[in-house]
Structure formats: C-alpha cells, structure tokens
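Peer 1: Pasting run.txt here (compact mmCIF, C-alpha atoms):
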```
# COMPACT_ATOMS: atom_id res chain seq x y z
CA MET A 4 10.00 -9.78 58.55
CA LEU A 5 7.32 -10.62 55.95
CA GLU A 6 4.75 -9.49 58.53
CA ARG A 7 6.58 -6.16 58.83
CA ILE A 8 6.68 -5.69 55.05
CA ARG A 9 2.99 -6.56 54.68
CA SER A 10 2.08 -3.90 57.22
CA GLY A 11 3.85 -1.35 55.01
CA LYS A 12 6.98 -0.87 57.11
CA LEU A 13 10.22 -0.20 55.30
CA ILE A 14 13.56 -1.93 55.70
CA GLU A 15 16.14 0.72 56.52
CA GLY A 16 19.29 -1.35 55.92
CA PRO A 17 20.74 -4.85 55.56
CA GLU A 18 20.88 -5.33 59.33
CA TYR A 19 17.06 -5.47 59.41
CA ALA A 20 16.68 -8.02 56.61
CA THR A 21 16.96 -11.75 56.19
CA GLU A 22 19.53 -13.41 53.94
CA ARG A 23 16.82 -14.42 51.48
CA TYR A 24 15.47 -10.86 51.27
CA LEU A 25 18.95 -9.50 50.64
CA GLU A 26 19.60 -12.03 47.88
CA GLY A 27 16.39 -10.96 46.11
CA LEU A 28 17.20 -7.29 46.60
CA LYS A 29 20.72 -7.69 45.22
CA ARG A 30 19.46 -9.58 42.18
CA THR A 31 16.95 -6.81 41.42
CA LEU A 32 19.50 -4.05 42.00
CA ILE A 33 22.09 -5.69 39.73
CA VAL A 34 19.59 -5.84 36.86
CA SER A 35 18.72 -2.18 37.39
CA ALA A 36 22.36 -1.06 37.74
CA ASP A 37 23.54 -3.03 34.69
CA THR A 38 20.66 -1.75 32.58
CA GLU A 39 21.36 1.90 33.42
CA LEU A 40 25.09 1.44 32.93
CA ILE A 41 24.96 -0.29 29.57
CA SER A 42 22.43 2.19 28.20
CA ALA A 43 25.17 4.85 28.36
CA PRO A 44 27.56 3.41 25.74
CA ALA A 45 24.57 2.14 23.74
CA TYR A 46 23.06 5.65 23.55
CA PHE A 47 26.44 7.32 23.09
CA ARG A 48 27.13 5.34 19.97
CA ALA A 49 23.87 6.53 18.37
CA ALA A 50 24.22 10.09 19.72
CA GLN A 51 27.08 10.63 17.24
CA ASP A 52 24.34 10.77 14.61
CA ALA A 53 22.60 13.75 16.30
CA PRO A 54 21.17 16.19 13.73
CA ASN A 55 22.36 19.35 15.55
CA ILE A 56 24.35 20.50 18.54
CA ASN A 57 21.34 21.03 20.82
CA ALA A 58 20.14 17.51 20.08
CA TYR A 59 23.62 16.19 20.83
CA ILE A 60 23.69 18.06 24.15
CA SER A 61 20.29 16.62 25.11
CA ALA A 62 21.48 13.11 24.28
CA THR A 63 24.68 13.46 26.28
CA GLY A 64 22.60 14.91 29.14
CA ILE A 65 20.52 11.73 29.07
CA ILE A 66 23.65 9.58 28.98
CA GLN A 67 25.02 11.44 32.00
CA ASP A 68 21.73 10.82 33.86
CA GLU A 69 21.91 7.11 33.06
CA LEU A 70 25.42 6.87 34.48
CA GLY A 71 24.15 8.66 37.59
CA HIS A 72 21.32 6.15 37.94
CA ALA A 73 23.76 3.27 37.54
CA HIS A 74 25.96 4.83 40.18
CA ILE A 75 23.03 4.99 42.63
CA ALA A 76 22.18 1.32 42.18
CA TYR A 77 25.82 0.16 42.41
CA ARG A 78 26.29 2.35 45.49
CA LEU A 79 23.32 0.63 47.16
CA LEU A 80 24.88 -2.72 46.22
CA ARG A 81 28.19 -1.67 47.75
CA ASP A 82 26.38 -0.81 50.96
CA LEU A 83 25.06 -4.38 50.89
CA GLY A 84 28.62 -5.69 50.81
CA VAL A 85 28.93 -6.36 47.07
CA ASP A 86 32.33 -5.77 45.42
CA THR A 87 31.08 -3.36 42.77
CA ASP A 88 34.49 -2.79 41.15
CA ALA A 89 34.64 -6.48 40.33
CA LEU A 90 31.01 -6.37 39.22
CA VAL A 91 31.48 -3.49 36.78
CA PHE A 92 35.05 -3.85 35.57
CA GLU A 93 35.97 -7.50 35.86
CA ARG A 94 32.80 -9.33 34.97
CA ASP A 95 32.49 -11.20 31.70
CA PRO A 96 30.29 -9.21 29.26
CA LYS A 97 27.95 -12.18 28.93
CA ASP A 98 27.28 -12.12 32.68
CA PHE A 99 25.82 -8.62 32.65
CA LYS A 100 22.12 -8.59 33.51
CA HIS A 101 20.76 -5.83 31.28
CA PRO A 102 17.89 -6.61 28.90
CA TYR A 103 18.78 -8.22 25.58
CA ALA A 104 17.40 -5.12 23.79
CA PHE A 105 20.58 -3.17 24.59
CA ASP A 106 22.70 -5.84 22.92
CA VAL A 107 21.19 -4.91 19.57
CA PRO A 108 23.15 -1.84 18.46
CA LEU A 109 21.44 1.53 18.17
CA GLU A 110 22.94 3.05 15.04
CA THR A 111 20.99 6.17 14.13
CA TRP A 112 19.43 9.21 15.75
CA THR A 113 16.04 7.75 14.86
CA GLU A 114 16.81 4.53 16.71
CA LEU A 115 18.12 6.51 19.67
CA VAL A 116 14.95 8.55 20.08
CA VAL A 117 12.75 5.46 19.74
CA ALA A 118 14.94 3.90 22.45
CA ASN A 119 14.25 6.95 24.62
CA ALA A 120 10.53 6.60 23.99
CA PHE A 121 10.41 2.78 24.35
CA TYR A 122 13.31 1.63 26.55
CA ASP A 123 13.28 4.62 28.92
CA ARG A 124 9.52 4.18 29.17
CA ALA A 125 10.12 0.56 30.17
CA GLY A 126 12.63 1.78 32.75
CA PHE A 127 10.12 4.35 33.96
CA VAL A 128 7.36 1.74 34.28
CA LEU A 129 9.63 -0.71 36.12
CA LEU A 130 11.31 1.78 38.42
CA GLY A 131 8.05 3.66 39.03
CA ASP A 132 6.64 0.37 40.27
CA VAL A 133 9.69 -0.20 42.46
CA TYR A 134 9.43 3.35 43.81
CA ARG A 135 5.79 2.85 44.79
CA HIS A 136 6.18 -0.63 46.24
CA THR A 137 9.73 -1.28 47.36
CA SER A 138 10.19 -2.14 51.00
CA TYR A 139 13.85 -1.09 50.86
CA ALA A 140 13.91 2.50 52.10
CA PRO A 141 17.32 3.62 50.74
CA TRP A 142 16.28 2.63 47.23
CA LYS A 143 12.88 4.30 47.54
CA ARG A 144 14.50 7.61 48.48
CA ALA A 145 17.04 7.43 45.67
CA LEU A 146 14.38 6.68 43.06
CA VAL A 147 12.71 10.09 43.46
CA LYS A 148 15.53 11.63 41.43
CA VAL A 149 15.77 8.71 39.01
CA ASP A 150 12.07 8.78 38.11
CA ARG A 151 12.12 12.53 37.43
CA GLU A 152 15.02 12.16 35.07
CA GLU A 153 13.57 9.16 33.25
CA ASN A 154 10.55 11.34 32.61
CA PHE A 155 12.74 13.84 30.75
CA HIS A 156 14.27 11.03 28.66
CA LEU A 157 10.81 9.86 27.73
CA ARG A 158 9.72 13.32 26.68
CA HIS A 159 12.89 13.72 24.65
CA GLY A 160 12.05 10.50 22.80
CA GLU A 161 8.43 11.47 22.22
CA ARG A 162 9.30 14.98 21.08
CA TRP A 163 11.82 13.74 18.52
CA MET A 164 9.50 11.00 17.30
CA GLU A 165 6.93 13.74 16.67
CA ILE A 166 9.47 15.83 14.74
CA LEU A 167 10.66 12.88 12.64
CA ALA A 168 7.11 11.67 11.95
CA GLN A 169 6.42 14.90 10.02
CA ASP A 170 8.99 14.06 7.33
CA PRO A 171 7.90 11.15 5.05
CA ASP A 172 11.45 9.77 4.66
CA LYS A 173 12.16 10.00 8.36
CA LYS A 174 8.76 8.53 9.13
CA SER A 175 9.54 5.33 7.26
CA GLU A 176 12.86 5.13 9.10
CA LEU A 177 10.92 5.63 12.33
CA GLN A 178 8.53 2.83 11.36
CA ARG A 179 11.47 0.47 10.75
CA ALA A 180 12.86 1.24 14.20
CA VAL A 181 9.43 0.78 15.81
CA ASP A 182 9.04 -2.55 13.98
CA TRP A 183 12.03 -4.17 15.65
CA MET A 184 12.16 -2.23 18.92
CA PHE A 185 8.50 -2.54 19.98
CA VAL A 186 8.53 -6.32 20.41
CA LEU A 187 12.03 -6.23 21.89
CA THR A 188 10.67 -3.90 24.59
CA LEU A 189 7.74 -6.26 25.22
CA GLU A 190 10.34 -8.97 25.89
CA TRP A 191 12.08 -6.61 28.33
CA PHE A 192 9.39 -7.31 30.95
CA GLY A 193 10.40 -10.95 31.07
CA LEU A 194 8.59 -14.24 31.19
CA PRO A 195 4.80 -14.28 31.27
CA ASP A 196 3.26 -14.65 34.73
CA SER A 197 2.37 -18.28 33.98
CA LEU A 198 6.07 -19.16 33.71
CA LYS A 199 7.63 -16.64 36.06
CA ARG A 200 10.11 -17.65 38.73
CA HIS A 201 11.25 -15.33 41.59
CA THR A 202 7.64 -15.00 42.77
CA ASP A 203 8.86 -13.94 46.21
CA GLN A 204 9.87 -10.57 44.68
CA ILE A 205 6.31 -9.38 45.26
CA ALA A 206 5.93 -10.99 48.70
CA TYR A 207 9.18 -9.34 49.77
CA GLY A 208 8.01 -5.98 48.54
CA LEU A 209 10.73 -5.61 45.93
CA LYS A 210 8.17 -4.87 43.25
CA GLY A 211 4.41 -4.42 43.16
CA LEU A 212 3.13 -5.54 39.77
CA THR A 213 3.67 -8.77 37.86
CA ASN A 214 5.52 -9.00 34.53
CA ASP A 215 2.31 -9.17 32.52
CA GLN A 216 0.82 -6.22 34.41
CA LEU A 217 3.97 -4.17 33.80
CA ARG A 218 3.89 -5.07 30.09
CA GLN A 219 0.31 -3.78 29.99
CA GLU A 220 1.36 -0.57 31.78
CA TRP A 221 3.98 0.03 29.11
CA MET A 222 1.60 -0.61 26.22
CA LYS A 223 -0.99 1.69 27.81
CA THR A 224 1.15 4.71 26.90
CA ALA A 225 3.46 3.41 24.15
CA VAL A 226 0.68 2.19 21.84
CA PRO A 227 -1.37 5.44 21.91
CA LEU A 228 1.84 7.44 21.27
CA CYS A 229 2.58 5.45 18.11
CA GLU A 230 -1.04 5.52 16.97
CA ARG A 231 -1.13 9.31 17.39
CA LEU A 232 1.96 9.62 15.17
CA GLY A 233 0.49 7.31 12.53
CA LEU A 234 2.97 4.50 13.21
CA ARG A 235 1.90 0.87 13.04
CA VAL A 236 2.41 -1.27 16.15
CA PRO A 237 1.67 -4.99 16.53
CA ALA A 238 -0.70 -4.48 19.48
CA HIS A 239 -4.13 -3.01 20.03
CA TYR A 240 -6.55 -2.30 22.85
CA GLU A 241 -9.30 -4.88 23.27
CA PRO A 242 -12.20 -3.19 25.08
CA ASP A 243 -13.92 -6.49 25.96
CA LEU A 244 -10.81 -7.72 27.74
CA GLY A 245 -9.95 -4.28 29.10
CA GLN A 246 -6.36 -4.74 28.04
CA TYR A 247 -3.86 -4.60 25.20
CA VAL A 248 -3.46 -7.61 22.96
CA ILE A 249 -0.28 -8.44 21.01
CA ASP A 250 -1.10 -9.11 17.35
CA VAL A 251 2.01 -11.09 16.37
CA PRO A 252 3.45 -14.40 17.54
CA PHE A 253 5.00 -13.64 20.93
CA PRO A 254 7.64 -14.63 21.76
CA ALA A 255 9.10 -14.96 18.27
CA GLU A 256 12.44 -15.59 16.60
CA PHE A 257 14.59 -12.48 16.12
CA ASP A 258 17.33 -11.95 13.57
CA ALA A 259 19.58 -9.57 15.51
CA GLU A 260 21.98 -8.91 12.62
CA ARG A 261 19.20 -7.77 10.31
CA LYS A 262 17.07 -6.36 13.16
CA GLN A 263 14.05 -8.29 11.99
CA TRP A 264 11.37 -10.43 13.61
CA LEU A 265 10.61 -13.72 11.90
CA PHE A 266 6.92 -13.74 12.78
CA GLU A 267 6.09 -15.94 9.79
CA LYS A 268 7.81 -18.81 11.55
CA GLY A 269 5.19 -18.65 14.31
CA PRO A 270 5.69 -18.43 18.06
CA ILE A 271 8.70 -19.97 19.78
CA THR A 272 9.06 -21.08 23.40
CA TRP A 273 10.35 -18.91 26.23
CA ASP A 274 13.15 -21.46 26.69
CA GLN A 275 14.36 -20.48 23.21
CA VAL A 276 14.16 -16.81 24.18
CA LEU A 277 16.11 -17.50 27.37
CA ALA A 278 18.78 -19.22 25.28
CA ARG A 279 19.05 -16.15 23.00
CA TRP A 280 19.25 -13.82 26.02
CA LYS A 281 21.92 -15.99 27.60
CA ALA A 282 24.02 -16.05 24.42
CA ARG A 283 23.67 -12.23 24.37
CA GLY A 284 23.41 -10.05 21.27
CA PRO A 285 25.82 -8.54 18.74
CA ALA A 286 26.77 -5.37 20.69
CA ASN A 287 27.16 -6.97 24.14
CA GLU A 288 30.92 -7.30 24.20
CA GLU A 289 31.64 -3.98 22.51
CA LEU A 290 29.44 -2.04 24.96
CA VAL A 291 30.76 -3.71 28.10
CA LYS A 292 34.35 -3.33 26.89
CA ALA A 293 33.71 0.38 26.29
CA ILE A 294 32.96 0.65 30.02
CA GLN A 295 35.83 -1.58 31.12
CA ARG A 296 38.59 -0.24 28.83
CA GLY A 297 39.90 2.58 31.04
CA TYR A 298 39.99 0.44 34.16
CA GLU A 299 41.93 -2.23 32.31
CA GLN A 300 44.44 0.33 31.00
CA ILE A 301 45.05 1.82 34.45
CA ARG A 302 45.46 -1.62 35.99
CA LYS A 303 48.00 -2.58 33.32
CA SER A 304 49.99 0.63 33.75
CA LEU A 305 50.05 0.13 37.53
CA GLU A 306 51.30 -3.42 37.11
CA ALA A 307 54.02 -2.37 34.64
CA MET B 164 -1.18 41.56 30.86
CA LYS B 165 2.38 41.04 32.09
CA GLU B 166 0.89 39.81 35.35
CA LYS B 167 -1.14 37.22 33.40
CA LEU B 168 1.98 36.05 31.57
CA TRP B 169 3.87 35.61 34.85
CA GLU B 170 0.94 33.62 36.26
CA ALA B 171 0.89 31.37 33.19
CA LEU B 172 4.66 30.84 33.40
CA LYS B 173 4.25 29.66 36.98
CA GLU B 174 2.47 26.64 35.49
CA VAL B 175 5.39 25.72 33.25
CA LEU B 176 7.41 23.15 35.13
CA ASP B 177 11.01 22.12 34.74
CA PRO B 178 11.03 18.87 32.69
CA GLU B 179 12.57 16.95 35.60
CA TYR B 180 11.40 18.59 38.81
CA PRO B 181 7.92 19.91 39.61
CA VAL B 182 9.26 23.42 40.10
CA SER B 183 8.12 26.16 37.73
CA VAL B 184 10.54 28.04 35.48
CA VAL B 185 9.59 31.14 37.48
CA ASP B 186 10.45 29.57 40.85
CA LEU B 187 13.68 28.23 39.39
CA GLY B 188 14.61 31.81 38.48
CA LEU B 189 14.97 31.10 34.76
CA VAL B 190 12.59 33.84 33.61
CA ARG B 191 14.40 37.16 33.64
CA GLY B 192 11.55 39.26 32.29
CA VAL B 193 8.39 39.33 30.19
CA ASP B 194 7.06 41.86 27.74
CA TYR B 195 3.80 42.26 25.86
CA GLU B 196 2.90 44.35 22.87
CA ASP B 197 0.30 43.95 20.10
CA SER B 198 -0.61 40.35 21.01
CA ARG B 199 3.07 39.41 21.05
CA ALA B 200 4.49 37.96 24.25
CA ARG B 201 8.22 38.07 24.83
CA VAL B 202 10.05 36.06 27.43
CA PHE B 203 13.64 36.67 28.47
CA LEU B 204 15.01 33.35 29.52
CA THR B 205 18.22 32.02 30.97
CA PHE B 206 19.19 28.41 31.69
CA THR B 207 20.86 26.73 34.63
CA SER B 208 23.87 26.02 32.41
CA LEU B 209 25.05 26.69 28.88
CA GLY B 210 24.87 23.01 28.11
CA CYS B 211 21.42 22.48 29.61
CA PRO B 212 20.00 19.38 27.89
CA CYS B 213 16.41 20.55 28.33
CA THR B 214 16.50 23.92 26.53
CA GLU B 215 14.30 22.86 23.63
CA ILE B 216 11.69 21.20 25.83
CA ILE B 217 11.54 24.19 28.20
CA LYS B 218 11.11 26.65 25.33
CA GLU B 219 8.43 24.48 23.76
CA ASP B 220 6.51 24.24 27.05
CA ILE B 221 6.68 28.01 27.55
CA ARG B 222 5.52 28.67 24.00
CA SER B 223 2.55 26.32 24.16
CA ARG B 224 1.42 27.59 27.59
CA LEU B 225 1.61 31.27 26.65
CA LEU B 226 -0.26 30.70 23.40
CA LYS B 227 -3.21 29.64 25.58
CA VAL B 228 -3.30 33.05 27.28
CA GLU B 229 -6.07 35.18 25.85
CA GLY B 230 -4.63 37.98 23.78
CA VAL B 231 -1.38 36.20 22.94
CA GLU B 232 -0.91 35.30 19.28
CA THR B 233 2.83 35.00 19.02
CA VAL B 234 5.47 34.09 21.55
CA GLU B 235 9.09 35.09 21.26
CA ILE B 236 11.70 33.67 23.54
CA GLU B 237 14.93 35.53 23.88
CA GLU B 238 17.78 33.67 25.52
CA VAL B 239 19.75 35.94 27.82
CA PHE B 240 22.91 34.37 29.13
CA GLU B 241 22.86 35.97 32.53
CA PRO B 242 24.63 33.42 34.69
CA TRP B 243 22.17 31.47 36.82
CA SER B 244 22.97 30.29 40.31
CA ALA B 245 21.11 28.29 42.95
CA GLU B 246 20.52 31.64 44.72
CA ASP B 247 17.98 32.45 42.01
CA ILE B 248 15.58 29.73 43.18
CA SER B 249 12.58 31.20 45.04
CA PRO B 250 11.82 30.14 48.65
CA ARG B 251 8.82 28.21 47.30
CA GLY B 252 11.03 26.41 44.74
CA ARG B 253 13.54 25.65 47.45
CA MET B 254 10.82 24.12 49.62
CA ILE B 255 9.59 21.84 46.81
CA LEU B 256 13.13 20.69 46.03
CA LEU B 257 13.81 20.07 49.71
CA GLN B 258 10.72 17.88 49.95
CA LEU B 259 12.07 15.84 47.04
CA GLY B 260 15.36 15.39 48.82
CA VAL B 261 17.34 17.88 46.73
CA THR B 262 19.48 20.14 48.88
```
The structure given in the file should be rewritten as structure tokens.
Peer 2:
Amino acid sequence: MLERIRSGKLIEGPEYATERYLEGLKRTLIVSADTELISAPAYFRAAQDAPNINAYISATGIIQDELGHAHIAYRLLRDLGVDTDALVFERDPKDFKHPYAFDVPLETWTELVVANAFYDRAGFVLLGDVYRHTSYAPWKRALVKVDREENFHLRHGERWMEILAQDPDKKSELQRAVDWMFVLTLEWFGLPDSLKRHTDQIAYGLKGLTNDQLRQEWMKTAVPLCERLGLRVPAHYEPDLGQYVIDVPFPAEFDAERKQWLFEKGPITWDQVLARWKARGPANEELVKAIQRGYEQIRKSLEA
Amino acid sequence: MKEKLWEALKEVLDPEYPVSVVDLGLVRGVDYEDSRARVFLTFTSLGCPCTEIIKEDIRSRLLKVEGVETVEIEEVFEPWSAEDISPRGRMILLQLGVT
C-alpha cells in the first residue's frame, strides 16, 4: 500500500487500506472534526459582541460553515465505522482533540476577528496541506469546499482587524488579543519536528509538511499582516536563515485565566505544554457541554 | 464605458468560490455618469454573510477603471435563484464539485 501511495495513487475507501493506515487517518480526522466543531460555540460566544447586524450575520455565517466542516469530517469517520454520536455527544470534554487555543474563551468582537485571522489561518494552512497531499480520496474531494470557506473566514478576520486598527482604542485592544493569541496559534502546530511522534503521517500521505514547516507557512502570512497594521508580533523574518524566527521563549508558561504569557520565566519543556493541553483550558467544559446539552435533554425525555 | 464596467466586474470573484459576481448573477445593472459608476446588486440571500466583502471588492476594482472616481452600490432585493448563474459559472462550480 505504501508503494501505491508513493506513486501518487489515492485510497478510495477503507476496503483498500491497512489497519495502521486507517488508525492514522481516524486520528487525523478526529482532530479536524473536533476543532471545527468546538470553534462554533467558541465563536458564537464572542459573536454576541458584534458591533452591528451585518457583522453578526457574517459571524454566524462563519459559525454555520464551521459546523458544516465538522459534519464532513464526522461523516467521513462514520463511513470508517466510528460511532460518531458517541464521539460527539457522550465523550468527556477533556477527551476532545481540538487545539488548546479554543479552551481559552473568546470574549470580545476583537478577539473573535483575531481568531478568524489567526486560528482560521491555521486551519487553512493545515487543511490546505491535507488537501494537496492526502492519499484519502473522499477527504480530498470534501476539502475543496472547506478550503474555500476557510478563505472567507480569513478575509473576514483580516478585514475587521484593518477596521479596528484605525481606531487607537480598538488598536490597543487588538494588540492585547494578538499578544496572547499569536503564540497560542504557534503552539497549535504541535511539537517541534525534533520531538514529533506519528511520523508515519507523512509516509502514509495523510499530510505533506512537517509541524515546523506548517508553523513557518502560517507565520509567512500572519506576520506580514500584523506588521502592515502596525501590530507588534514576537516573530520576525531572518533573511540569512530564509525563515521566521520566534523572538520569545517558546514554548512558554501561559496564564489562561489572565490570558498572559509568562515569558520572563524563560522557556519550558514540551512535556509541560503537553500536561497543560491534557488538563485542558478554562472554557473546555462549557463549550463541549453547549454542544452536548440538547442531546442530553432529548435522551432524558425519552427515558422518562 | 458600461461595457468596461461589466468587464471589470467579471474579475470580482465571490469570496468563497472562484466565480465572478457577474457569472453568479448578482449584478443586476450598471450605470455611468460624470465619473460616477453605479452598480445594482442583489445577493444570494438576505442574510448573506459576505455582503460587506463583496461590496468592498466591487468598489476597489471599479475605482481602478479609468474614468471612475466614485462608486455607488445600490442593493436591489430582487430575489436571486440558482437559475441566475451563467453557463460559465455553472461549469466552474461543477468542476469544484458543486451541483
């Protein structure tokens, strides 16, 4: 099968794949599905702070897209024999596989649009890579729609960052959001290549680029955007190296309640980051419960 | 001049799909007088989340047309339906798997 994948042939369905391939595929799809799903309540909470009705409609349009993307990934999982009802509605909030960033609550319109510009960009970078390189044909076809829509989310974020950057008060609010969200998005791409497990993801054609390469891809567009708007970011382009360099201790300790990085304490280990991710952040339970509430109520009323 | 405006609008793409606002059937008319371009625009739905981005893209493209100094966009709520998509637009969408 690896020979097949290397020659660029696509896997049309589970019957053509090995157990090991399917395990890797499921793991990747669950992360993608959970991320799209949890972004909906996370964004919805902040959308309440929309400055006008058109802005609110755009935000709810984005939320609707995210639910659609989640649906696609869960549907693919169901076709692989996964019990997706159990996965979505019965799983413990801590067992969800979305990035830690979504566990830190988005509370204002400013934070929402920075999330569109940063988090949706991360999603676009990751899923764009999957679209170009995945060997799983059903996912590749579905991602055409997903990538187009993520592009709109990104533009929405950029456009609103531009609007807010013109007002000095809003600009300082924007800077505060960038300060905590930028590094959290860098973490989104996972362990550095030197420590990365799941290396067969690339051999199996589930993704094309490594974590560090994807992080660079993200910075390639996110850093110039912020620089153009006069916002400070803790990264810069190093021409000699031909890549972006992070200017703060990374990874570092994060105070999720105060939404602040404790860079002065110096770098921490990735094991410490993994422990924080595993413990999940302040909004984790609230967001997952927002998704699970209706299902729980219907089940109870059926049992009664 | 109207011809030029239509040509320019064919370069303004929907924010999600690479189909122009003309091929999507959103542009219901254009007008030009004294360096002022007017566009009569409808949307695929009343709650279209992309209205602001579409209007902004139209404005910035038309301002690049020689002889245009101001752009006015008038929203006309003539109901849109999938029938309004041009054969070309249909072809592009079909290639992307949208039927």
Peer 1: Which chain A residues are at most 12 Å from chain B (counting all atoms listed in the file), as a VMD selection string?
Peer 2: chain A and resid 55 to 68 143 to 163
Peer 1: Could you give me, as an MDAnalysis selection string, the residues within 9 Å of Gly192 of chain B, counting all atoms listed in the file and dropping anything in the same chain fewer than 4 positions from it?
Peer 2: chainID B and resid 169 201:204
Peer 1: I need every residue sitting at most 12 Å from the point (10.0, -0.8, 44.1) (coordinates as in the file, all atoms listed in the file considered), written as a PyMOL selection string.
Peer 2: chain A and resi 13+28+31-32+35+126-147+150+204-213
Peer 1: In Å, rounded to a single decimal, give me how far atom CA of Ser183 of chain B is from atom CA of Ala43 of chain A.
Peer 2: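 Result for atom CA of Ala43 of chain A versus atom CA of Ser183 of chain B: 28.9 Å, one decimal.
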Peer 1: Using atom CA of Ala53 of chain A and atom CA of Lys97 of chain A as the two end points, give the distance in Å to one decimal.
Peer 2: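 Answer for the atom CA of Ala53 of chain A to atom CA of Lys97 of chain A separation: 29.3 Å.
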